[in-house]
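K.L.:
This is the content of model_5.cif (mmCIF, C-alpha atoms and all ligand atoms):
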data_target
loop_
_atom_site.label_atom_id
_atom_site.label_comp_id
_atom_site.auth_asym_id
_atom_site.auth_seq_id
_atom_site.Cartn_x
_atom_site.Cartn_y
_atom_site.Cartn_z
CA MET A 1 33.38 6.76 13.34
CA ALA A 2 36.49 8.05 11.63
CA GLU A 3 36.64 11.83 11.83
CA PRO A 4 37.71 13.83 8.74
CA LEU A 5 41.48 13.92 8.36
CA ARG A 6 42.71 17.32 9.48
CA LEU A 7 44.94 18.19 6.55
CA ASN A 8 46.72 21.40 5.65
CA PHE A 9 48.37 22.23 2.36
CA VAL A 10 52.13 22.44 2.79
CA GLN A 11 53.61 22.97 -0.67
CA SER A 12 53.81 21.98 -4.30
CA ALA A 13 56.99 20.70 -5.89
CA ALA A 14 58.03 20.03 -9.46
CA ARG A 15 60.76 17.64 -8.33
CA MET A 16 61.11 15.34 -5.36
CA GLU A 17 64.36 17.03 -4.37
CA GLN A 18 62.40 20.20 -3.58
CA LEU A 19 60.46 18.51 -0.80
CA PRO A 20 61.52 18.99 2.80
CA ASP A 21 62.04 15.94 4.99
CA SER A 22 58.97 14.20 6.31
CA VAL A 23 58.32 11.52 8.89
CA ILE A 24 55.96 9.36 6.87
CA GLU A 25 53.95 9.66 3.68
CA VAL A 26 51.02 8.06 1.88
CA ALA A 27 50.73 8.92 -1.82
CA MET A 28 47.80 8.87 -4.22
CA VAL A 29 48.65 7.18 -7.51
CA GLY A 30 46.41 6.77 -10.54
CA ARG A 31 45.28 7.76 -13.97
CA SER A 32 44.54 11.39 -14.59
CA ASN A 33 40.86 12.07 -13.79
CA VAL A 34 40.45 8.94 -11.64
CA GLY A 35 39.60 11.11 -8.63
CA LYS A 36 42.78 11.43 -6.54
CA SER A 37 42.31 15.09 -5.61
CA SER A 38 38.58 14.62 -5.02
CA LEU A 39 39.40 11.79 -2.65
CA ILE A 40 41.78 13.98 -0.66
CA ASN A 41 38.99 16.53 -0.31
CA ALA A 42 36.56 13.83 0.81
CA LEU A 43 39.01 12.41 3.35
CA ALA A 44 39.46 15.89 4.79
CA ASN A 45 35.80 16.81 4.35
CA ARG A 46 36.89 20.00 2.57
CA ARG A 47 35.58 21.26 -0.73
CA ASN A 48 38.62 22.94 -2.22
CA LEU A 49 41.66 21.74 -0.37
CA ALA A 50 42.98 19.96 -3.47
CA ARG A 51 42.20 21.32 -6.93
CA THR A 52 39.95 19.07 -8.99
CA SER A 53 38.71 19.34 -12.54
CA LYS A 54 36.57 17.63 -15.17
CA THR A 55 39.49 18.11 -17.54
CA PRO A 56 42.33 15.65 -16.96
CA GLY A 57 45.60 17.18 -15.82
CA ALA A 58 44.32 19.28 -12.90
CA THR A 59 47.26 18.26 -10.74
CA ARG A 60 50.58 18.93 -12.44
CA LEU A 61 52.87 19.05 -9.44
CA ILE A 62 53.50 16.96 -6.35
CA ASN A 63 51.15 18.45 -3.75
CA VAL A 64 51.75 17.85 -0.09
CA TYR A 65 49.08 17.86 2.63
CA GLU A 66 50.11 17.47 6.24
CA ARG A 67 48.01 15.93 8.94
CA GLU A 68 47.70 18.20 11.96
CA PRO A 69 49.41 19.26 14.09
CA THR A 70 51.46 21.53 11.84
CA GLY A 71 54.99 20.22 11.62
CA SER A 72 53.94 16.60 12.29
CA GLY A 73 55.69 15.54 9.07
CA ARG A 74 52.85 13.07 8.40
CA TRP A 75 51.75 13.60 4.83
CA LEU A 76 49.19 12.71 2.27
CA VAL A 77 50.72 13.35 -1.14
CA ASP A 78 48.68 14.08 -4.27
CA LEU A 79 50.56 13.12 -7.43
CA PRO A 80 49.80 14.18 -11.00
CA GLY A 81 47.88 11.51 -12.88
CA TYR A 82 49.37 9.40 -15.64
CA GLY A 83 47.93 8.77 -19.09
CA PHE A 84 46.90 12.33 -19.74
CA SER A 85 46.57 11.99 -23.49
CA THR A 86 46.29 15.63 -24.54
CA ALA A 87 49.64 16.51 -22.95
CA SER A 88 52.65 16.72 -25.22
CA LYS A 89 55.02 13.74 -25.27
CA SER A 90 57.76 15.73 -23.59
CA GLU A 91 55.40 16.89 -20.87
CA GLN A 92 54.21 13.31 -20.34
CA ARG A 93 57.83 12.21 -20.01
CA ARG A 94 58.54 14.96 -17.52
CA TRP A 95 55.54 13.94 -15.44
CA SER A 96 56.26 10.25 -15.44
CA GLY A 97 59.89 11.02 -14.57
CA MET A 98 58.76 13.15 -11.63
CA ILE A 99 56.33 10.52 -10.34
CA GLU A 100 58.73 7.62 -10.84
CA THR A 101 61.61 9.36 -9.08
CA TYR A 102 59.34 10.15 -6.16
CA LEU A 103 58.01 6.58 -5.88
CA ILE A 104 61.43 4.97 -6.19
CA GLU A 105 63.49 7.32 -4.07
CA ARG A 106 61.27 8.78 -1.38
CA GLU A 107 62.47 7.01 1.73
CA THR A 108 59.62 8.07 4.00
CA LEU A 109 56.94 6.83 1.59
CA ALA A 110 55.14 4.12 3.56
CA ALA A 111 52.38 3.17 1.14
CA THR A 112 50.58 4.26 -1.98
CA LEU A 113 46.88 4.18 -2.64
CA VAL A 114 46.44 3.04 -6.23
CA LEU A 115 43.18 4.46 -7.50
CA ILE A 116 41.32 2.57 -10.19
CA ASP A 117 38.19 3.96 -11.83
CA GLY A 118 35.45 1.69 -10.47
CA GLU A 119 33.30 2.16 -13.54
CA ILE A 120 35.85 1.69 -16.34
CA GLY A 121 39.10 0.37 -14.90
CA PRO A 122 41.59 -1.10 -14.75
CA THR A 123 43.16 0.23 -17.92
CA LYS A 124 46.29 -1.24 -19.51
CA LEU A 125 48.23 1.64 -18.05
CA ASP A 126 46.83 0.90 -14.58
CA LEU A 127 47.96 -2.71 -14.89
CA SER A 128 51.43 -1.79 -16.04
CA THR A 129 51.71 0.74 -13.21
CA VAL A 130 50.83 -1.98 -10.70
CA GLU A 131 53.39 -4.29 -12.25
CA TRP A 132 55.97 -1.56 -11.97
CA LEU A 133 55.08 -0.87 -8.31
CA GLU A 134 55.61 -4.59 -7.65
CA HIS A 135 58.93 -4.40 -9.42
CA ILE A 136 60.19 -1.49 -7.30
CA GLU A 137 58.74 -3.18 -4.18
CA CYS A 138 56.48 -0.26 -3.35
CA SER A 139 53.71 -1.14 -0.91
CA TYR A 140 50.25 -0.34 -2.29
CA ARG A 141 46.53 -0.81 -1.74
CA PHE A 142 43.75 -0.60 -4.27
CA VAL A 143 40.97 1.93 -4.07
CA ALA A 144 38.14 1.74 -6.61
CA THR A 145 36.70 5.22 -7.21
CA LYS A 146 33.40 6.68 -8.45
CA MET A 147 31.30 3.89 -6.95
CA ASP A 148 28.21 6.07 -7.45
CA LYS A 149 28.66 5.65 -11.21
CA VAL A 150 28.15 1.89 -10.99
CA LYS A 151 24.48 0.90 -10.77
CA PRO A 152 23.67 -0.89 -7.52
CA SER A 153 22.47 -3.93 -9.52
CA LYS A 154 25.89 -4.18 -11.19
CA ARG A 155 28.12 -3.59 -8.17
CA HIS A 156 28.57 -7.18 -7.14
CA ARG A 157 29.59 -8.27 -10.65
CA ARG A 158 31.80 -5.19 -11.13
CA SER A 159 33.68 -5.73 -7.89
CA GLU A 160 34.36 -9.36 -8.82
CA GLU A 161 35.49 -8.33 -12.28
CA LEU A 162 37.84 -5.69 -10.90
CA ALA A 163 39.33 -8.10 -8.35
CA SER A 164 39.93 -10.73 -10.98
CA ARG A 165 41.59 -8.29 -13.38
CA LEU A 166 43.78 -6.94 -10.58
CA GLU A 167 44.48 -10.50 -9.40
CA VAL A 168 43.56 -9.82 -5.78
CA ASP A 169 40.82 -10.90 -3.43
CA LYS A 170 37.65 -8.77 -3.58
CA ALA A 171 38.16 -7.82 0.06
CA GLU A 172 41.44 -6.13 -0.81
CA ILE A 173 39.80 -3.40 -2.84
CA VAL A 174 38.25 -0.47 -0.98
CA TRP A 175 35.32 0.97 -2.91
CA VAL A 176 34.68 4.70 -2.50
CA SER A 177 32.62 7.51 -3.86
CA ALA A 178 34.02 10.95 -3.13
CA ALA A 179 30.80 12.41 -4.52
CA LYS A 180 28.47 10.42 -2.23
CA ARG A 181 31.02 9.93 0.57
CA THR A 182 30.71 6.14 0.42
CA GLY A 183 33.59 4.17 1.94
CA ILE A 184 35.35 7.34 3.03
CA GLN A 185 35.24 6.54 6.73
CA ASP A 186 37.02 3.22 6.24
CA LEU A 187 39.67 4.84 4.11
CA ARG A 188 40.22 7.59 6.67
CA ALA A 189 40.85 4.92 9.26
CA THR A 190 43.28 3.15 6.91
CA VAL A 191 45.22 6.32 6.14
CA ASP A 192 45.28 7.32 9.80
CA HIS A 193 46.57 3.89 10.70
CA ILE A 194 49.39 4.04 8.14
CA LEU A 195 50.40 7.56 9.16
CA GLY A 196 50.57 6.36 12.78
N1 LIG A 201 30.59 10.78 -10.03
C1 LIG A 201 31.77 10.96 -9.41
N2 LIG A 201 32.69 11.79 -9.95
C2 LIG A 201 33.86 11.94 -9.32
C3 LIG A 201 34.18 11.25 -8.11
N3 LIG A 201 35.43 11.58 -7.73
C4 LIG A 201 35.89 12.45 -8.67
N4 LIG A 201 34.96 12.68 -9.62
C5 LIG A 201 35.07 13.58 -10.77
O1 LIG A 201 36.13 13.17 -11.62
C6 LIG A 201 36.82 14.30 -12.18
C7 LIG A 201 38.30 14.23 -11.88
O2 LIG A 201 38.52 14.31 -10.49
P1 LIG A 201 39.93 14.76 -9.87
O3 LIG A 201 39.83 14.53 -8.40
O4 LIG A 201 40.30 16.11 -10.33
O5 LIG A 201 40.90 13.67 -10.55
P2 LIG A 201 42.49 13.50 -10.38
O6 LIG A 201 42.75 12.03 -10.29
O7 LIG A 201 43.01 14.33 -9.26
O8 LIG A 201 43.01 14.03 -11.79
P3 LIG A 201 44.47 14.69 -12.16
O9 LIG A 201 44.72 15.79 -11.22
O10 LIG A 201 44.30 15.09 -13.58
O11 LIG A 201 45.47 13.57 -12.05
C8 LIG A 201 36.12 15.54 -11.58
O12 LIG A 201 35.16 16.00 -12.50
C9 LIG A 201 35.45 14.99 -10.33
O13 LIG A 201 34.31 15.73 -9.95
C10 LIG A 201 33.17 10.38 -7.56
O14 LIG A 201 33.31 9.75 -6.50
N5 LIG A 201 32.00 10.28 -8.26
MG MG A 202 44.38 15.82 -9.19
#
What would you get if you wrote out this structure as structure tokens?
P.N.:
Amino acid sequence: MAEPLRLNFVQSAARMEQLPDSVIEVAMVGRSNVGKSSLINALANRRNLARTSKTPGATRLINVYEREPTGSGRWLVDLPGYGFSTASKSEQRRWSGMIETYLIERETLAATLVLIDGEIGPTKLDLSTVEWLEHIECSYRFVATKMDKVKPSKRHRRSEELASRLEVDKAEIVWVSAAKRTGIQDLRATVDHILG
């Protein structure tokens, strides 16, 4: 049984350059509202470690959570979501610039978890993000979120559909529900393994 990840908030940053050095990082990438911050809370088994919201755009900065012990330099990084349509164009550009710089330049970034909404995804923007991650040779794994929103009778079909649209084997997508805590144990083990 994978124990909750013991995570502590370290800091927020508006630009990658503001972050201190780390040893190794795993980052959460995905559309705004897909459930990145909720997933961090579920992995840590904490209610309000990361701020979540029904309204897209809850996370506007790079937020760093460190696995204990303090000073380990082993981080889970919550990124602002993309595709937040009510933001102004200039704000959207600022956000994508911040995320892209981080993903391209952060040397200690070991892997990203690419979150796809299990009920409605992948969106065009998700697919172009994946293409871009391939292009910059960023290592990633897929996590399908909000599994509880897909009826049990439709799950098999949905997981095949998602795999085919993402052009991966079904087994390569981890399905989770932060709300119901489904799949969280497996993902804890995965994150723990990457962080070393
Ligand atoms: N039903 C259900 N709702 C979820 C789940 N995970 C997240 N949500 C809801 O989805 C909404 C967005 O969740 P967040 O975790 O704030 O999403 P985010 O990806 O961090 O969004 P940004 O910070 O805007 O990028 C909230 O209302 C959550 O309660 C889930 O597993 N099941
Ligand atoms: Mg968030």
K.L.:
Can you check which parts of chain A lie within 7 Å of ligand LIG 201 (chain A)? Per residue, the shortest pair of atoms and distance in Å to one decimal, counting all atoms listed in the file, sorted by chain and number, as a tab-separated table.
P.N.:
residue	atom	partner	partner_atom	distance
A:Gly30	CA	A:LIG201	O6	6.4
A:Arg31	CA	A:LIG201	O11	6.1
A:Ser32	CA	A:LIG201	O11	3.5
A:Asn33	CA	A:LIG201	O8	3.5
A:Val34	CA	A:LIG201	O6	4.1
A:Gly35	CA	A:LIG201	O3	3.4
A:Lys36	CA	A:LIG201	O6	3.8
A:Ser37	CA	A:LIG201	O3	3.8
A:Ser38	CA	A:LIG201	O3	3.6
A:Leu39	CA	A:LIG201	O3	6.4
A:Arg51	CA	A:LIG201	O4	6.5
A:Thr52	CA	A:LIG201	O4	3.3
A:Ser53	CA	A:LIG201	O4	4.2
A:Lys54	CA	A:LIG201	O12	3.4
A:Thr55	CA	A:LIG201	O10	6.9
A:Pro56	CA	A:LIG201	O10	4.0
A:Gly57	CA	A:LIG201	O10	3.3
A:Ala58	CA	A:LIG201	O9	3.9
A:Thr59	CA	A:LIG201	O9	3.6
A:Arg60	CA	A:LIG201	O9	6.8
A:Leu79	CA	A:LIG201	O11	6.9
A:Pro80	CA	A:LIG201	O11	4.5
A:Gly81	CA	A:LIG201	O11	3.3
A:Tyr82	CA	A:LIG201	O11	6.7
A:Thr145	CA	A:LIG201	O14	5.7
A:Lys146	CA	A:LIG201	O14	3.6
A:Met147	CA	A:LIG201	O14	6.2
A:Asp148	CA	A:LIG201	N5	5.7
A:Lys149	CA	A:LIG201	N1	5.6
A:Val176	CA	A:LIG201	O14	6.6
A:Ser177	CA	A:LIG201	O14	3.5
A:Ala178	CA	A:LIG201	O14	3.6
A:Ala179	CA	A:LIG201	O14	4.2
A:Lys180	CA	A:LIG201	O14	6.5
K.L.:
Let me see the file: selected residues, C-alpha atoms, as a short mmCIF file (atom, residue, chain, number, x, y, z; two decimals), keeping the file's coordinate frame.
P.N.:
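What landed in part-v8.cif:
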data_model
loop_
_atom_site.label_atom_id
_atom_site.label_comp_id
_atom_site.auth_asym_id
_atom_site.auth_seq_id
_atom_site.Cartn_x
_atom_site.Cartn_y
_atom_site.Cartn_z
CA GLY A 30 46.41 6.77 -10.54
CA ARG A 31 45.28 7.76 -13.97
CA SER A 32 44.54 11.39 -14.59
CA ASN A 33 40.86 12.07 -13.79
CA VAL A 34 40.45 8.94 -11.64
CA GLY A 35 39.60 11.11 -8.63
CA LYS A 36 42.78 11.43 -6.54
CA SER A 37 42.31 15.09 -5.61
CA SER A 38 38.58 14.62 -5.02
CA LEU A 39 39.40 11.79 -2.65
CA ARG A 51 42.20 21.32 -6.93
CA THR A 52 39.95 19.07 -8.99
CA SER A 53 38.71 19.34 -12.54
CA LYS A 54 36.57 17.63 -15.17
CA THR A 55 39.49 18.11 -17.54
CA PRO A 56 42.33 15.65 -16.96
CA GLY A 57 45.60 17.18 -15.82
CA ALA A 58 44.32 19.28 -12.90
CA THR A 59 47.26 18.26 -10.74
CA ARG A 60 50.58 18.93 -12.44
CA LEU A 79 50.56 13.12 -7.43
CA PRO A 80 49.80 14.18 -11.00
CA GLY A 81 47.88 11.51 -12.88
CA TYR A 82 49.37 9.40 -15.64
CA THR A 145 36.70 5.22 -7.21
CA LYS A 146 33.40 6.68 -8.45
CA MET A 147 31.30 3.89 -6.95
CA ASP A 148 28.21 6.07 -7.45
CA LYS A 149 28.66 5.65 -11.21
CA VAL A 176 34.68 4.70 -2.50
CA SER A 177 32.62 7.51 -3.86
CA ALA A 178 34.02 10.95 -3.13
CA ALA A 179 30.80 12.41 -4.52
CA LYS A 180 28.47 10.42 -2.23
#
K.L.:
For A:Ile62, please output as a list in words all residues within 9 Å (counting only C-alpha atoms; exclusion window: fewer than 3 positions along the same chain).
P.N.:
Gln11, Ser12, Ala13, Ala14, Arg15, Met16, Thr59, Val77, Asp78, Leu79, Pro80, Met98, Ile99 and Tyr102 of chain A
K.L.:
For ligand MG 202 (chain A), which of A:Val29, A:Glu68, A:Leu162, A:Ile173 is the closest residue, counting only C-alpha atoms and all ligand atoms?
P.N.:
A:Val29
K.L.:
Between A:Glu167, A:Asp186, A:Glu160, A:Asp192, which is the closest to A:Gly118 once you count all atoms listed in the file?
P.N.:
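When distances to A:Gly118 are compared using all atoms listed in the file, the smallest one comes from A:Glu160.
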K.L.:
What's the 7 Å shell around A:Arg74, counting only C-alpha atoms, without same-chain residues fewer than 3 positions away, as a list of chain:residue names?
P.N.:
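Counting only C-alpha atoms, the residues come to A:Ser22, A:Val23, A:Ile24, A:Glu25, A:Glu66, A:Arg67, A:Leu195.
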K.L.:
Let me make sure I understand: among A:Leu49, A:Ala27, A:Ala42, A:Ala2, which one has the smallest atom-to-atom distance to A:Arg106 if we use only C-alpha atoms?
P.N.:
A:Ala27
K.L.:
Could you jot down the atom MG of ligand MG 202 (chain A) to atom CA of A:Asn63 separation for me, Å, one decimal place?
P.N.:
9.1 Å
K.L.:
What's the separation between atom CA of A:Pro4 and atom CA of A:Asn41, in Å to one decimal place?
P.N.:
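Straight-line distance from atom CA of A:Pro4 to atom CA of A:Asn41 works out to 9.5 Å.
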K.L.:
What is the distance, in Å and to one decimal place, between atom CA of A:Arg188 and atom CA of A:Ala44?
P.N.:
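Atom-to-atom, atom CA of A:Arg188 and atom CA of A:Ala44 are spaced 8.5 Å apart.
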K.L.:
For A:Leu166, which residue out of A:Glu137, A:Asp21, A:Glu119, A:Glu131 is the nearest one, using all atoms listed in the file?
P.N.:
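When distances to A:Leu166 are compared using all atoms listed in the file, the smallest one comes from A:Glu131.
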K.L.:
Will you model N, CA and C atoms for stretch 88-100 of chain A and pass it back as a JSON list (two decimals), in the frame of the given file?
P.N.:
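File written: out12.json
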[["chain", "number", "residue", "atom", "x", "y", "z"],
["A", 88, "SER", "N", 51.63, 17.02, -24.23],
["A", 88, "SER", "CA", 52.65, 16.72, -25.22],
["A", 88, "SER", "C", 53.51, 15.57, -24.71],
["A", 89, "LYS", "N", 54.17, 14.88, -25.66],
["A", 89, "LYS", "CA", 55.02, 13.74, -25.27],
["A", 89, "LYS", "C", 56.09, 14.17, -24.26],
["A", 90, "SER", "N", 56.67, 15.34, -24.48],
["A", 90, "SER", "CA", 57.76, 15.73, -23.59],
["A", 90, "SER", "C", 57.20, 16.05, -22.19],
["A", 91, "GLU", "N", 55.99, 16.60, -22.17],
["A", 91, "GLU", "CA", 55.40, 16.89, -20.87],
["A", 91, "GLU", "C", 55.04, 15.58, -20.15],
["A", 92, "GLN", "N", 54.53, 14.62, -20.92],
["A", 92, "GLN", "CA", 54.21, 13.31, -20.34],
["A", 92, "GLN", "C", 55.46, 12.66, -19.76],
["A", 93, "ARG", "N", 56.57, 12.80, -20.50],
["A", 93, "ARG", "CA", 57.83, 12.21, -20.01],
["A", 93, "ARG", "C", 58.28, 12.90, -18.73],
["A", 94, "ARG", "N", 58.12, 14.22, -18.70],
["A", 94, "ARG", "CA", 58.54, 14.96, -17.52],
["A", 94, "ARG", "C", 57.71, 14.52, -16.31],
["A", 95, "TRP", "N", 56.40, 14.38, -16.54],
["A", 95, "TRP", "CA", 55.54, 13.94, -15.44],
["A", 95, "TRP", "C", 55.88, 12.56, -14.96],
["A", 96, "SER", "N", 56.01, 11.62, -15.91],
["A", 96, "SER", "CA", 56.26, 10.25, -15.44],
["A", 96, "SER", "C", 57.61, 10.19, -14.75],
["A", 97, "GLY", "N", 58.58, 10.98, -15.23],
["A", 97, "GLY", "CA", 59.89, 11.02, -14.57],
["A", 97, "GLY", "C", 59.75, 11.51, -13.14],
["A", 98, "MET", "N", 58.95, 12.56, -12.96],
["A", 98, "MET", "CA", 58.76, 13.15, -11.63],
["A", 98, "MET", "C", 58.09, 12.15, -10.68],
["A", 99, "ILE", "N", 57.06, 11.47, -11.18],
["A", 99, "ILE", "CA", 56.33, 10.52, -10.34],
["A", 99, "ILE", "C", 57.21, 9.31, -10.02],
["A", 100, "GLU", "N", 57.90, 8.81, -11.05],
["A", 100, "GLU", "CA", 58.73, 7.62, -10.84],
["A", 100, "GLU", "C", 59.86, 7.88, -9.86]]
